[in-house]
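A.B. asks: Next comes protein05.pdb, PDB, C-alpha atoms and all ligand atoms:
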ATOM      1  CA  MET Y   1       0.000   0.000   0.000  1.00  0.00           C
ATOM      2  CA  ALA Y   2       1.180   3.557  -0.710  1.00  0.00           C
ATOM      3  CA  ARG Y   3       2.582   5.384   2.299  1.00  0.00           C
ATOM      4  CA  VAL Y   4       0.146   7.294   4.496  1.00  0.00           C
ATOM      5  CA  GLU Y   5       1.731   9.713   6.974  1.00  0.00           C
ATOM      6  CA  ILE Y   6      -0.355  10.471  10.080  1.00  0.00           C
ATOM      7  CA  HIS Y   7      -0.049  13.900  11.757  1.00  0.00           C
ATOM      8  CA  GLY Y   8      -1.960  14.665  14.973  1.00  0.00           C
ATOM      9  CA  TYR Y   9      -2.763  18.314  15.827  1.00  0.00           C
ATOM     10  CA  ALA Y  10      -3.920  19.574  19.229  1.00  0.00           C
ATOM     11  CA  ILE Y  11      -3.797  22.631  21.424  1.00  0.00           C
ATOM     12  CA  VAL Y  12      -3.942  21.817  25.123  1.00  0.00           C
ATOM     13  CA  SER Y  13      -3.866  23.541  28.487  1.00  0.00           C
ATOM     14  CA  ASP Y  14      -1.142  22.957  31.073  1.00  0.00           C
ATOM     15  CA  ASP Y  15      -3.282  20.125  32.471  1.00  0.00           C
ATOM     16  CA  ASP Y  16      -3.576  18.477  28.997  1.00  0.00           C
ATOM     17  CA  ARG Y  17      -7.224  19.424  28.298  1.00  0.00           C
ATOM     18  CA  ILE Y  18      -8.613  19.974  24.774  1.00  0.00           C
ATOM     19  CA  ALA Y  19     -12.082  21.178  25.819  1.00  0.00           C
ATOM     20  CA  ASP Y  20     -13.959  22.361  28.908  1.00  0.00           C
ATOM     21  CA  ALA Y  21     -16.123  20.275  31.235  1.00  0.00           C
ATOM     22  CA  MET Y  22     -19.095  20.773  28.875  1.00  0.00           C
ATOM     23  CA  GLY Y  23     -17.086  19.383  25.939  1.00  0.00           C
ATOM     24  CA  ARG Y  24     -16.758  22.806  24.327  1.00  0.00           C
ATOM     25  CA  MET Y  25     -13.581  24.464  23.103  1.00  0.00           C
ATOM     26  CA  PRO Y  26     -13.011  27.383  25.525  1.00  0.00           C
ATOM     27  CA  ASP Y  27     -11.732  30.782  24.378  1.00  0.00           C
ATOM     28  CA  VAL Y  28      -8.479  30.210  26.300  1.00  0.00           C
ATOM     29  CA  LEU Y  29      -7.619  27.473  23.749  1.00  0.00           C
ATOM     30  CA  ARG Y  30      -8.481  29.605  20.712  1.00  0.00           C
ATOM     31  CA  ASN Y  31      -5.397  31.279  19.354  1.00  0.00           C
ATOM     32  CA  ASP Y  32      -4.828  32.887  15.938  1.00  0.00           C
ATOM     33  CA  ALA Y  33      -1.205  31.753  15.589  1.00  0.00           C
ATOM     34  CA  ASP Y  34      -2.094  28.171  16.471  1.00  0.00           C
ATOM     35  CA  TRP Y  35      -5.058  28.303  14.075  1.00  0.00           C
ATOM     36  CA  ALA Y  36      -2.814  29.513  11.238  1.00  0.00           C
ATOM     37  CA  TYR Y  37      -0.309  26.734  11.974  1.00  0.00           C
ATOM     38  CA  PHE Y  38      -3.100  24.141  11.997  1.00  0.00           C
ATOM     39  CA  GLN Y  39      -4.656  25.472   8.765  1.00  0.00           C
ATOM     40  CA  ALA Y  40      -1.266  25.265   7.022  1.00  0.00           C
ATOM     41  CA  GLY Y  41      -1.109  21.618   8.132  1.00  0.00           C
ATOM     42  CA  LEU Y  42      -4.583  20.988   6.712  1.00  0.00           C
ATOM     43  CA  ASP Y  43      -3.587  22.674   3.428  1.00  0.00           C
ATOM     44  CA  ARG Y  44      -0.642  20.259   3.174  1.00  0.00           C
ATOM     45  CA  SER Y  45      -2.780  17.218   3.914  1.00  0.00           C
ATOM     46  CA  ALA Y  46      -4.636  15.011   1.484  1.00  0.00           C
ATOM     47  CA  LEU Y  47      -7.227  14.166   4.121  1.00  0.00           C
ATOM     48  CA  SER Y  48      -8.319  14.935   7.671  1.00  0.00           C
ATOM     49  CA  VAL Y  49      -9.802  12.418  10.118  1.00  0.00           C
ATOM     50  CA  LEU Y  50     -12.093  13.736  12.835  1.00  0.00           C
ATOM     51  CA  GLY Y  51     -14.743  12.591  15.284  1.00  0.00           C
ATOM     52  CA  ARG Y  52     -18.399  13.062  14.387  1.00  0.00           C
ATOM     53  CA  LEU Y  53     -18.941  15.893  16.902  1.00  0.00           C
ATOM     54  CA  GLY Y  54     -15.946  17.840  15.621  1.00  0.00           C
ATOM     55  CA  HIS Y  55     -17.174  17.288  12.055  1.00  0.00           C
ATOM     56  CA  GLU Y  56     -20.653  18.553  12.891  1.00  0.00           C
ATOM     57  CA  SER Y  57     -19.414  21.645  14.725  1.00  0.00           C
ATOM     58  CA  ASN Y  58     -16.721  22.681  12.223  1.00  0.00           C
ATOM     59  CA  PRO Y  59     -17.944  23.728   8.785  1.00  0.00           C
ATOM     60  CA  ASN Y  60     -15.783  22.726   5.847  1.00  0.00           C
ATOM     61  CA  PRO Y  61     -15.799  25.797   3.550  1.00  0.00           C
ATOM     62  CA  LYS Y  62     -12.771  24.631   1.574  1.00  0.00           C
ATOM     63  CA  ARG Y  63     -14.478  21.271   0.985  1.00  0.00           C
ATOM     64  CA  ARG Y  64     -11.389  19.437   2.196  1.00  0.00           C
ATOM     65  CA  LEU Y  65     -11.598  15.670   2.075  1.00  0.00           C
ATOM     66  CA  ARG Y  66     -12.699  14.330   5.471  1.00  0.00           C
ATOM     67  CA  VAL Y  67     -13.001  10.937   7.120  1.00  0.00           C
ATOM     68  CA  ILE Y  68     -15.606  11.153   9.893  1.00  0.00           C
ATOM     69  CA  VAL Y  69     -15.154   8.553  12.642  1.00  0.00           C
ATOM     70  CA  SER Y  70     -18.531   7.266  13.850  1.00  0.00           C
ATOM     71  CA  SER Y  71     -20.140   4.113  15.199  1.00  0.00           C
ATOM     72  CA  SER Y  72     -23.059   4.899  12.858  1.00  0.00           C
ATOM     73  CA  SER Y  73     -21.042   3.704   9.864  1.00  0.00           C
ATOM     74  CA  SER Y  74     -21.254   0.047   8.924  1.00  0.00           C
ATOM     75  CA  GLY Y  75     -17.578   0.158   7.885  1.00  0.00           C
ATOM     76  CA  LEU Y  76     -16.776   2.792   5.303  1.00  0.00           C
ATOM     77  CA  GLU Y  77     -19.294   4.757   3.251  1.00  0.00           C
ATOM     78  CA  ARG Y  78     -18.997   7.783   1.004  1.00  0.00           C
ATOM     79  CA  ARG Y  79     -21.617  10.373   1.944  1.00  0.00           C
ATOM     80  CA  ASP Y  80     -22.073  13.934   0.620  1.00  0.00           C
ATOM     81  CA  ASP Y  81     -19.892  15.417   3.381  1.00  0.00           C
ATOM     82  CA  GLY Y  82     -17.062  12.868   3.332  1.00  0.00           C
ATOM     83  CA  TRP Y  83     -16.159   9.267   4.095  1.00  0.00           C
ATOM     84  CA  TRP Y  84     -17.778   7.850   7.243  1.00  0.00           C
ATOM     85  CA  TRP Y  85     -15.635   5.213   8.938  1.00  0.00           C
ATOM     86  CA  ASN Y  86     -16.223   2.865  11.870  1.00  0.00           C
ATOM     87  CA  PRO Y  87     -12.858   1.568  13.120  1.00  0.00           C
ATOM     88  CA  GLN Y  88     -14.594  -1.304  14.945  1.00  0.00           C
ATOM     89  CA  ALA Y  89     -15.852  -2.617  11.588  1.00  0.00           C
ATOM     90  CA  LEU Y  90     -12.953  -1.948   9.200  1.00  0.00           C
ATOM     91  CA  SER Y  91      -9.230  -1.506   9.780  1.00  0.00           C
ATOM     92  CA  TRP Y  92      -7.382   1.749   9.099  1.00  0.00           C
ATOM     93  CA  GLN Y  93      -5.290   0.015   6.413  1.00  0.00           C
ATOM     94  CA  GLU Y  94      -8.397  -1.234   4.603  1.00  0.00           C
ATOM     95  CA  ALA Y  95     -10.041   2.186   4.862  1.00  0.00           C
ATOM     96  CA  MET Y  96      -6.965   3.969   3.474  1.00  0.00           C
ATOM     97  CA  ALA Y  97      -6.624   1.491   0.598  1.00  0.00           C
ATOM     98  CA  ARG Y  98     -10.006   2.803  -0.586  1.00  0.00           C
ATOM     99  CA  VAL Y  99      -9.896   6.469   0.481  1.00  0.00           C
ATOM    100  CA  LEU Y 100      -6.255   7.314  -0.257  1.00  0.00           C
ATOM    101  CA  PRO Y 101      -4.878   4.640  -2.607  1.00  0.00           C
ATOM    102  CA  GLY Y 102      -2.060   6.955  -3.694  1.00  0.00           C
ATOM    103  CA  GLY Y 103      -1.060   7.662  -0.065  1.00  0.00           C
ATOM    104  CA  GLY Y 104      -0.262  11.106   1.352  1.00  0.00           C
ATOM    105  CA  GLU Y 105      -0.301  13.165   4.523  1.00  0.00           C
ATOM    106  CA  VAL Y 106      -3.283  12.764   6.845  1.00  0.00           C
ATOM    107  CA  ALA Y 107      -4.221  15.326   9.526  1.00  0.00           C
ATOM    108  CA  VAL Y 108      -5.875  14.081  12.731  1.00  0.00           C
ATOM    109  CA  PRO Y 109      -7.506  16.942  14.683  1.00  0.00           C
ATOM    110  CA  GLY Y 110      -9.246  14.777  17.309  1.00  0.00           C
ATOM    111  CA  GLY Y 111     -11.219  14.735  19.596  1.00  0.00           C
ATOM    112  CA  ARG Y 112     -10.131  12.580  22.476  1.00  0.00           C
ATOM    113  CA  ARG Y 113     -11.260   9.135  21.308  1.00  0.00           C
ATOM    114  CA  VAL Y 114      -9.831   9.796  17.856  1.00  0.00           C
ATOM    115  CA  PHE Y 115      -6.499  10.864  19.390  1.00  0.00           C
ATOM    116  CA  ASP Y 116      -6.602   7.623  21.430  1.00  0.00           C
ATOM    117  CA  LEU Y 117      -7.382   5.554  18.350  1.00  0.00           C
ATOM    118  CA  PHE Y 118      -4.342   6.861  16.477  1.00  0.00           C
ATOM    119  CA  LEU Y 119      -2.048   6.223  19.449  1.00  0.00           C
ATOM    120  CA  GLY Y 120      -2.693   2.574  18.587  1.00  0.00           C
ATOM    121  CA  ILE Y 121      -2.414   3.003  14.800  1.00  0.00           C
ATOM    122  CA  GLY Y 122       0.736   5.109  15.154  1.00  0.00           C
ATOM    123  CA  TYR Y 123       1.502   8.796  14.654  1.00  0.00           C
ATOM    124  CA  ASP Y 124       4.283   9.854  12.276  1.00  0.00           C
ATOM    125  CA  ALA Y 125       4.126  13.275  13.932  1.00  0.00           C
ATOM    126  CA  PHE Y 126       2.141  14.853  16.749  1.00  0.00           C
ATOM    127  CA  HIS Y 127       1.991  18.665  16.675  1.00  0.00           C
ATOM    128  CA  LEU Y 128       1.384  19.566  20.320  1.00  0.00           C
ATOM    129  CA  ALA Y 129       0.581  23.209  20.971  1.00  0.00           C
ATOM    130  CA  ARG Y 130       0.165  24.385  24.560  1.00  0.00           C
ATOM    131  CA  ALA Y 131      -1.519  27.489  25.955  1.00  0.00           C
ATOM    132  CA  GLU Y 132       0.888  27.941  28.845  1.00  0.00           C
ATOM    133  CA  GLY Y 133      -0.379  29.074  32.224  1.00  0.00           C
ATOM    134  CA  VAL Y 134      -3.912  27.888  31.353  1.00  0.00           C
ATOM    135  CA  ARG Y 135      -5.719  25.170  33.325  1.00  0.00           C
ATOM    136  CA  ILE Y 136      -9.161  23.687  32.581  1.00  0.00           C
ATOM    137  CA  PRO Y 137     -10.223  21.661  35.639  1.00  0.00           C
ATOM    138  CA  GLY Y 138     -12.665  18.883  34.767  1.00  0.00           C
ATOM    139  CA  GLY Y 139     -12.122  19.404  31.033  1.00  0.00           C
ATOM    140  CA  VAL Y 140     -11.841  16.805  28.260  1.00  0.00           C
ATOM    141  CA  ALA Y 141      -8.402  15.181  28.218  1.00  0.00           C
ATOM    142  CA  LEU Y 142      -6.192  15.009  25.127  1.00  0.00           C
ATOM    143  CA  PHE Y 143      -5.803  11.252  25.655  1.00  0.00           C
ATOM    144  CA  SER Y 144      -7.893   9.062  27.980  1.00  0.00           C
ATOM    145  CA  ALA Y 145      -4.733   8.093  29.880  1.00  0.00           C
ATOM    146  CA  CYS Y 146      -4.337  11.737  30.960  1.00  0.00           C
ATOM    147  CA  ASP Y 147      -7.295  11.045  33.277  1.00  0.00           C
ATOM    148  CA  GLN Y 148      -5.208   8.347  34.957  1.00  0.00           C
ATOM    149  CA  GLY Y 149      -2.559  10.915  35.811  1.00  0.00           C
ATOM    150  CA  LEU Y 150      -0.232  10.498  32.825  1.00  0.00           C
ATOM    151  CA  GLY Y 151       0.948  13.624  31.035  1.00  0.00           C
ATOM    152  CA  ALA Y 152       0.666  14.060  27.259  1.00  0.00           C
ATOM    153  CA  GLU Y 153       4.458  14.009  26.928  1.00  0.00           C
ATOM    154  CA  ALA Y 154       4.775  10.714  28.823  1.00  0.00           C
ATOM    155  CA  ILE Y 155       2.058   9.150  26.668  1.00  0.00           C
ATOM    156  CA  LEU Y 156       3.710  10.241  23.408  1.00  0.00           C
ATOM    157  CA  ALA Y 157       7.113   9.104  24.682  1.00  0.00           C
ATOM    158  CA  GLY Y 158       5.560   5.758  25.646  1.00  0.00           C
ATOM    159  CA  ARG Y 159       4.628   5.312  21.972  1.00  0.00           C
ATOM    160  CA  GLY Y 160       8.217   5.828  20.860  1.00  0.00           C
ATOM    161  CA  LEU Y 161       7.867   9.490  19.860  1.00  0.00           C
ATOM    162  CA  LYS Y 162      10.497  12.064  20.724  1.00  0.00           C
ATOM    163  CA  PRO Y 163      10.137  15.837  21.020  1.00  0.00           C
ATOM    164  CA  GLY Y 164      11.592  18.283  18.533  1.00  0.00           C
ATOM    165  CA  GLU Y 165      12.642  21.735  19.607  1.00  0.00           C
ATOM    166  CA  ARG Y 166      10.034  23.731  21.564  1.00  0.00           C
ATOM    167  CA  ARG Y 167       9.154  26.940  19.800  1.00  0.00           C
ATOM    168  CA  ILE Y 168       6.820  29.818  20.572  1.00  0.00           C
ATOM    169  CA  LEU Y 169       3.866  30.310  18.219  1.00  0.00           C
ATOM    170  CA  ASP Y 170       2.441  33.282  20.143  1.00  0.00           C
ATOM    171  CA  PRO Y 171       4.533  35.080  22.781  1.00  0.00           C
ATOM    172  CA  ALA Y 172       1.495  36.919  24.181  1.00  0.00           C
ATOM    173  CA  VAL Y 173      -0.103  33.897  25.936  1.00  0.00           C
ATOM    174  CA  PRO Y 174       2.404  32.232  25.386  1.00  0.00           C
ATOM    175  CA  VAL Y 175       1.437  29.351  23.084  1.00  0.00           C
ATOM    176  CA  SER Y 176       4.277  26.899  22.528  1.00  0.00           C
ATOM    177  CA  LEU Y 177       4.608  24.163  19.921  1.00  0.00           C
ATOM    178  CA  THR Y 178       6.547  20.913  20.066  1.00  0.00           C
ATOM    179  CA  VAL Y 179       6.431  18.386  17.238  1.00  0.00           C
ATOM    180  CA  TRP Y 180       6.864  14.787  18.352  1.00  0.00           C
ATOM    181  CA  THR Y 181       8.152  12.299  15.799  1.00  0.00           C
ATOM    182  CA  PRO Y 182       9.577   8.766  15.908  1.00  0.00           C
ATOM    183  CA  LYS Y 183      13.062  10.149  15.480  1.00  0.00           C
ATOM    184  CA  GLY Y 184      12.689  13.454  17.302  1.00  0.00           C
ATOM    185  CA  GLU Y 185      13.341  15.240  14.029  1.00  0.00           C
ATOM    186  CA  THR Y 186      13.222  19.004  13.836  1.00  0.00           C
ATOM    187  CA  ASP Y 187       9.812  20.692  13.813  1.00  0.00           C
ATOM    188  CA  ALA Y 188       7.874  20.374  10.582  1.00  0.00           C
TER     189      ALA Y 188
HETATM  190  N1  LIG T 201      -7.991  21.607  21.670  1.00  0.00           N
HETATM  191  C1  LIG T 201      -7.955  20.823  20.598  1.00  0.00           C
HETATM  192  O1  LIG T 201      -6.937  20.703  19.921  1.00  0.00           O
HETATM  193  C2  LIG T 201      -9.184  20.073  20.196  1.00  0.00           C
HETATM  194  C3  LIG T 201      -9.080  19.047  19.266  1.00  0.00           C
HETATM  195  C4  LIG T 201     -10.238  18.345  18.936  1.00  0.00           C
HETATM  196  C5  LIG T 201     -11.444  18.673  19.515  1.00  0.00           C
HETATM  197  N2  LIG T 201     -11.498  19.679  20.417  1.00  0.00           N
HETATM  198  C6  LIG T 201     -12.771  20.020  21.075  1.00  0.00           C
HETATM  199  O2  LIG T 201     -13.258  18.866  21.725  1.00  0.00           O
HETATM  200  C7  LIG T 201     -14.686  18.838  21.587  1.00  0.00           C
HETATM  201  C8  LIG T 201     -15.154  17.630  20.735  1.00  0.00           C
HETATM  202  O3  LIG T 201     -14.353  16.550  20.911  1.00  0.00           O
HETATM  203  P1  LIG T 201     -14.991  15.181  21.428  1.00  0.00           P
HETATM  204  O4  LIG T 201     -13.857  14.305  21.848  1.00  0.00           O
HETATM  205  O5  LIG T 201     -16.065  15.502  22.444  1.00  0.00           O
HETATM  206  O6  LIG T 201     -15.759  14.661  20.150  1.00  0.00           O
HETATM  207  P2  LIG T 201     -15.283  14.142  18.708  1.00  0.00           P
HETATM  208  O7  LIG T 201     -14.084  13.273  18.801  1.00  0.00           O
HETATM  209  O8  LIG T 201     -15.244  15.271  17.766  1.00  0.00           O
HETATM  210  O9  LIG T 201     -16.548  13.244  18.355  1.00  0.00           O
HETATM  211  C9  LIG T 201     -16.894  12.161  19.165  1.00  0.00           C
HETATM  212  C10 LIG T 201     -17.686  11.196  18.311  1.00  0.00           C
HETATM  213  O10 LIG T 201     -16.819  10.658  17.309  1.00  0.00           O
HETATM  214  C11 LIG T 201     -17.123   9.295  17.114  1.00  0.00           C
HETATM  215  N3  LIG T 201     -15.957   8.499  17.474  1.00  0.00           N
HETATM  216  C12 LIG T 201     -14.776   8.964  17.997  1.00  0.00           C
HETATM  217  N4  LIG T 201     -13.929   7.949  18.155  1.00  0.00           N
HETATM  218  C13 LIG T 201     -14.557   6.830  17.746  1.00  0.00           C
HETATM  219  C14 LIG T 201     -14.192   5.469  17.647  1.00  0.00           C
HETATM  220  N5  LIG T 201     -12.979   5.039  18.023  1.00  0.00           N
HETATM  221  N6  LIG T 201     -15.100   4.585  17.159  1.00  0.00           N
HETATM  222  C15 LIG T 201     -16.325   4.998  16.755  1.00  0.00           C
HETATM  223  N7  LIG T 201     -16.722   6.293  16.802  1.00  0.00           N
HETATM  224  C16 LIG T 201     -15.858   7.180  17.297  1.00  0.00           C
HETATM  225  C17 LIG T 201     -18.348   8.986  17.951  1.00  0.00           C
HETATM  226  O11 LIG T 201     -19.439   9.291  17.100  1.00  0.00           O
HETATM  227  P3  LIG T 201     -20.838   8.466  17.131  1.00  0.00           P
HETATM  228  O12 LIG T 201     -21.533   8.988  18.343  1.00  0.00           O
HETATM  229  O13 LIG T 201     -21.483   8.851  15.833  1.00  0.00           O
HETATM  230  O14 LIG T 201     -20.482   7.025  17.236  1.00  0.00           O
HETATM  231  C18 LIG T 201     -18.221  10.006  19.067  1.00  0.00           C
HETATM  232  O15 LIG T 201     -19.476  10.303  19.664  1.00  0.00           O
HETATM  233  C19 LIG T 201     -15.083  20.073  20.874  1.00  0.00           C
HETATM  234  O16 LIG T 201     -15.340  21.102  21.793  1.00  0.00           O
HETATM  235  C20 LIG T 201     -13.837  20.399  20.092  1.00  0.00           C
HETATM  236  O17 LIG T 201     -13.772  21.765  19.744  1.00  0.00           O
HETATM  237  C21 LIG T 201     -10.399  20.377  20.766  1.00  0.00           C
END
Rewrite the structure from the file as structure tokens, please.

C.D. replies:
Amino acid sequence: MARVEIHGYAIVSDDDRIADAMGRMPDVLRNDADWAYFQAGLDRSALSVLGRLGHESNPNPKRRLRVIVSSSSSGLERRDDGWWWNPQALSWQEAMARVLPGGGEVAVPGGRRVFDLFLGIGYDAFHLARAEGVRIPGGVALFSACDQGLGAEAILAGRGLKPGERRILDPAVPVSLTVWTPKGETDA
């Protein structure tokens, strides 16, 4: 099969939360510099893979190709708004053989269960942005294991990923960015 390269993208708080206790993205995690970085990643990607709730709450004005992860799919179906995939019914490799037969870069913008799913499939890069000094008690964790007391860094390291150089996307907050890759290569 042609090579598919999986890139995760998240912005988290100091306590590794991607959303508030109501499951909504709080203003403290909305940042223009991070958004621009993320959009550039999407522009580079052949496909993005996101959970059904994220799909429903984020319009797709550029009509980018999406795979929507949902238990409502019987395996993999093409609908008007993208491919709907149920990972319990069809493997990632089988899905990609149909959706992206020529291979390419795939962006994974979450949410939590989707980030968990790709920990098992394997990230080629995880672009971890952090709004520093921000905490979201009771919020939705980046990975389920964060709720068992593990930090995002420890979880990524446990999957064989290594951090690139930390850089600042927005000095005002600040928002930092570290790209984790299997070889700890320099930031993409
Ligand atoms: N800070 C960040 O970087 C970031 C990133 C992503 C999301 N968010 C925020 O987080 C919130 C939404 O995230 P979320 O985690 O609640 O929802 P989500 O991942 O967008 O959607 C959850 C839904 O996706 C489907 N799904 C996910 N994993 C699945 C699996 N392994 N198998 C089958 N179906 C699966 C299920 O749909 P069905 O019910 O149809 O089965 C599930 O109900 C939003 O506020 C969003 O803005 C923040």

A.B. asks: Could you give me, as a list in words, the residues within 9 Å of segment 150-153 of chain Y, counting only C-alpha atoms and dropping anything in the same chain fewer than 4 positions from it?

C.D. replies: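 Residues near the query, excluding close chain neighbours: Asp15, Asp16, Leu128, Leu142, Phe143, Ala145, Cys146, Ala157, Gly158, Lys162, Pro163 and Trp180 of chain Y.
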
A.B. asks: For atom CA of Gly133 of chain Y and atom O9 of ligand LIG 201 (chain T), quote the distance in Å rounded to one decimal.

C.D. replies: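 Spanning atom CA of Gly133 of chain Y to atom O9 of ligand LIG 201 (chain T) is a straight-line distance of 26.5 Å.
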
A.B. asks: Which neighbours of Asp34 of chain Y fall inside 12 Å, counting only C-alpha atoms, when residues of the same chain fewer than 2 positions from it are skipped, and could you give them as a short mmCIF file (atom, residue, chain, number, x, y, z; two decimals) with C-alpha atoms, in the coordinates of the input?

C.D. replies:
data_model
loop_
_atom_site.label_atom_id
_atom_site.label_comp_id
_atom_site.auth_asym_id
_atom_site.auth_seq_id
_atom_site.Cartn_x
_atom_site.Cartn_y
_atom_site.Cartn_z
CA TYR Y 9 -2.76 18.31 15.83
CA ALA Y 10 -3.92 19.57 19.23
CA ILE Y 11 -3.80 22.63 21.42
CA VAL Y 12 -3.94 21.82 25.12
CA VAL Y 28 -8.48 30.21 26.30
CA LEU Y 29 -7.62 27.47 23.75
CA ARG Y 30 -8.48 29.60 20.71
CA ASN Y 31 -5.40 31.28 19.35
CA ASP Y 32 -4.83 32.89 15.94
CA ALA Y 36 -2.81 29.51 11.24
CA TYR Y 37 -0.31 26.73 11.97
CA PHE Y 38 -3.10 24.14 12.00
CA GLN Y 39 -4.66 25.47 8.76
CA ALA Y 40 -1.27 25.26 7.02
CA GLY Y 41 -1.11 21.62 8.13
CA HIS Y 127 1.99 18.66 16.68
CA LEU Y 128 1.38 19.57 20.32
CA ALA Y 129 0.58 23.21 20.97
CA ARG Y 130 0.16 24.38 24.56
CA ALA Y 131 -1.52 27.49 25.96
CA ARG Y 167 9.15 26.94 19.80
CA ILE Y 168 6.82 29.82 20.57
CA LEU Y 169 3.87 30.31 18.22
CA ASP Y 170 2.44 33.28 20.14
CA PRO Y 171 4.53 35.08 22.78
CA VAL Y 173 -0.10 33.90 25.94
CA PRO Y 174 2.40 32.23 25.39
CA VAL Y 175 1.44 29.35 23.08
CA SER Y 176 4.28 26.90 22.53
CA LEU Y 177 4.61 24.16 19.92
CA THR Y 178 6.55 20.91 20.07
#

A.B. asks: How many Å separate atom CA of Val108 of chain Y from atom CA of Pro61 of chain Y?

C.D. replies: 17.9 Å

A.B. asks: Exactly which residues make up the result of the PyMOL selection byres (((not hetatm)) within 9 of (chain T and resi 201)) on this file, given as an mmCIF file with C-alpha atoms, keeping the file's coordinate frame?

C.D. replies:
data_model
loop_
_atom_site.group_PDB
_atom_site.id
_atom_site.type_symbol
_atom_site.label_atom_id
_atom_site.label_comp_id
_atom_site.auth_asym_id
_atom_site.auth_seq_id
_atom_site.Cartn_x
_atom_site.Cartn_y
_atom_site.Cartn_z
ATOM 1 C CA TYR Y 9 -2.763 18.314 15.827
ATOM 2 C CA ALA Y 10 -3.920 19.574 19.229
ATOM 3 C CA ILE Y 11 -3.797 22.631 21.424
ATOM 4 C CA VAL Y 12 -3.942 21.817 25.123
ATOM 5 C CA SER Y 13 -3.866 23.541 28.487
ATOM 6 C CA ARG Y 17 -7.224 19.424 28.298
ATOM 7 C CA ILE Y 18 -8.613 19.974 24.774
ATOM 8 C CA ALA Y 19 -12.082 21.178 25.819
ATOM 9 C CA ASP Y 20 -13.959 22.361 28.908
ATOM 10 C CA MET Y 22 -19.095 20.773 28.875
ATOM 11 C CA GLY Y 23 -17.086 19.383 25.939
ATOM 12 C CA ARG Y 24 -16.758 22.806 24.327
ATOM 13 C CA MET Y 25 -13.581 24.464 23.103
ATOM 14 C CA PRO Y 26 -13.011 27.383 25.525
ATOM 15 C CA LEU Y 29 -7.619 27.473 23.749
ATOM 16 C CA ARG Y 30 -8.481 29.605 20.712
ATOM 17 C CA LEU Y 50 -12.093 13.736 12.835
ATOM 18 C CA GLY Y 51 -14.743 12.591 15.284
ATOM 19 C CA ARG Y 52 -18.399 13.062 14.387
ATOM 20 C CA LEU Y 53 -18.941 15.893 16.902
ATOM 21 C CA GLY Y 54 -15.946 17.840 15.621
ATOM 22 C CA HIS Y 55 -17.174 17.288 12.055
ATOM 23 C CA GLU Y 56 -20.653 18.553 12.891
ATOM 24 C CA SER Y 57 -19.414 21.645 14.725
ATOM 25 C CA ASN Y 58 -16.721 22.681 12.223
ATOM 26 C CA ILE Y 68 -15.606 11.153 9.893
ATOM 27 C CA VAL Y 69 -15.154 8.553 12.642
ATOM 28 C CA SER Y 70 -18.531 7.266 13.850
ATOM 29 C CA SER Y 71 -20.140 4.113 15.199
ATOM 30 C CA SER Y 72 -23.059 4.899 12.858
ATOM 31 C CA SER Y 73 -21.042 3.704 9.864
ATOM 32 C CA TRP Y 85 -15.635 5.213 8.938
ATOM 33 C CA ASN Y 86 -16.223 2.865 11.870
ATOM 34 C CA PRO Y 87 -12.858 1.568 13.120
ATOM 35 C CA GLN Y 88 -14.594 -1.304 14.945
ATOM 36 C CA VAL Y 108 -5.875 14.081 12.731
ATOM 37 C CA PRO Y 109 -7.506 16.942 14.683
ATOM 38 C CA GLY Y 110 -9.246 14.777 17.309
ATOM 39 C CA GLY Y 111 -11.219 14.735 19.596
ATOM 40 C CA ARG Y 112 -10.131 12.580 22.476
ATOM 41 C CA ARG Y 113 -11.260 9.135 21.308
ATOM 42 C CA VAL Y 114 -9.831 9.796 17.856
ATOM 43 C CA PHE Y 115 -6.499 10.864 19.390
ATOM 44 C CA ASP Y 116 -6.602 7.623 21.430
ATOM 45 C CA LEU Y 117 -7.382 5.554 18.350
ATOM 46 C CA PHE Y 118 -4.342 6.861 16.477
ATOM 47 C CA LEU Y 128 1.384 19.566 20.320
ATOM 48 C CA ALA Y 129 0.581 23.209 20.971
ATOM 49 C CA VAL Y 140 -11.841 16.805 28.260
ATOM 50 C CA ALA Y 141 -8.402 15.181 28.218
ATOM 51 C CA LEU Y 142 -6.192 15.009 25.127
#

A.B. asks: Given all atoms listed in the file as the basis, pick out the residue of Y:Arg159, Y:Arg44, Y:Arg3, Y:Arg135 nearest to Lys183 of chain Y.

C.D. replies: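 Nearest candidate to Lys183 of chain Y out of Y:Arg159, Y:Arg44, Y:Arg3, Y:Arg135: Y:Arg159.
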
A.B. asks: What does the distance between atom CA of Asp80 of chain Y and atom CA of Ala97 of chain Y come to in Å, to one decimal place?

C.D. replies: 19.8 Å

A.B. asks: Go through Y:Arg79, Y:Arg166, Y:His7, Y:Arg63 one by one, measure the shortest atom-to-atom distance of each to Val49 of chain Y using only C-alpha atoms, and give the residue with the smallest value.

C.D. replies: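 Closest to Val49 of chain Y, using only C-alpha atoms: Y:His7.
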
A.B. asks: Point out the residue among Y:Trp35, Y:Leu76, Y:Pro182, Y:Val106 with the least atom-to-atom distance to Arg64 of chain Y, counting only C-alpha atoms.

C.D. replies: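 Among the listed residues, the smallest separation from Arg64 of chain Y belongs to Y:Val106.
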
A.B. asks: On this file, the PyMOL selection byres (((chain Y and resi 103) around 7) and not hetatm) gives some set of residues; write that set as a list in words.

C.D. replies: Ala2, Arg3, Val4, Leu100, Pro101, Gly102 and Gly104 of chain Y

A.B. asks: From the set Y:Pro59, Y:Gly149, Y:Gly160, Y:Pro137, which residue has the shortest atom-to-atom contact distance to Ala125 of chain Y, counting all atoms listed in the file?

C.D. replies: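 Looking at the shortest contact to Ala125 of chain Y, the residue is Y:Gly160.
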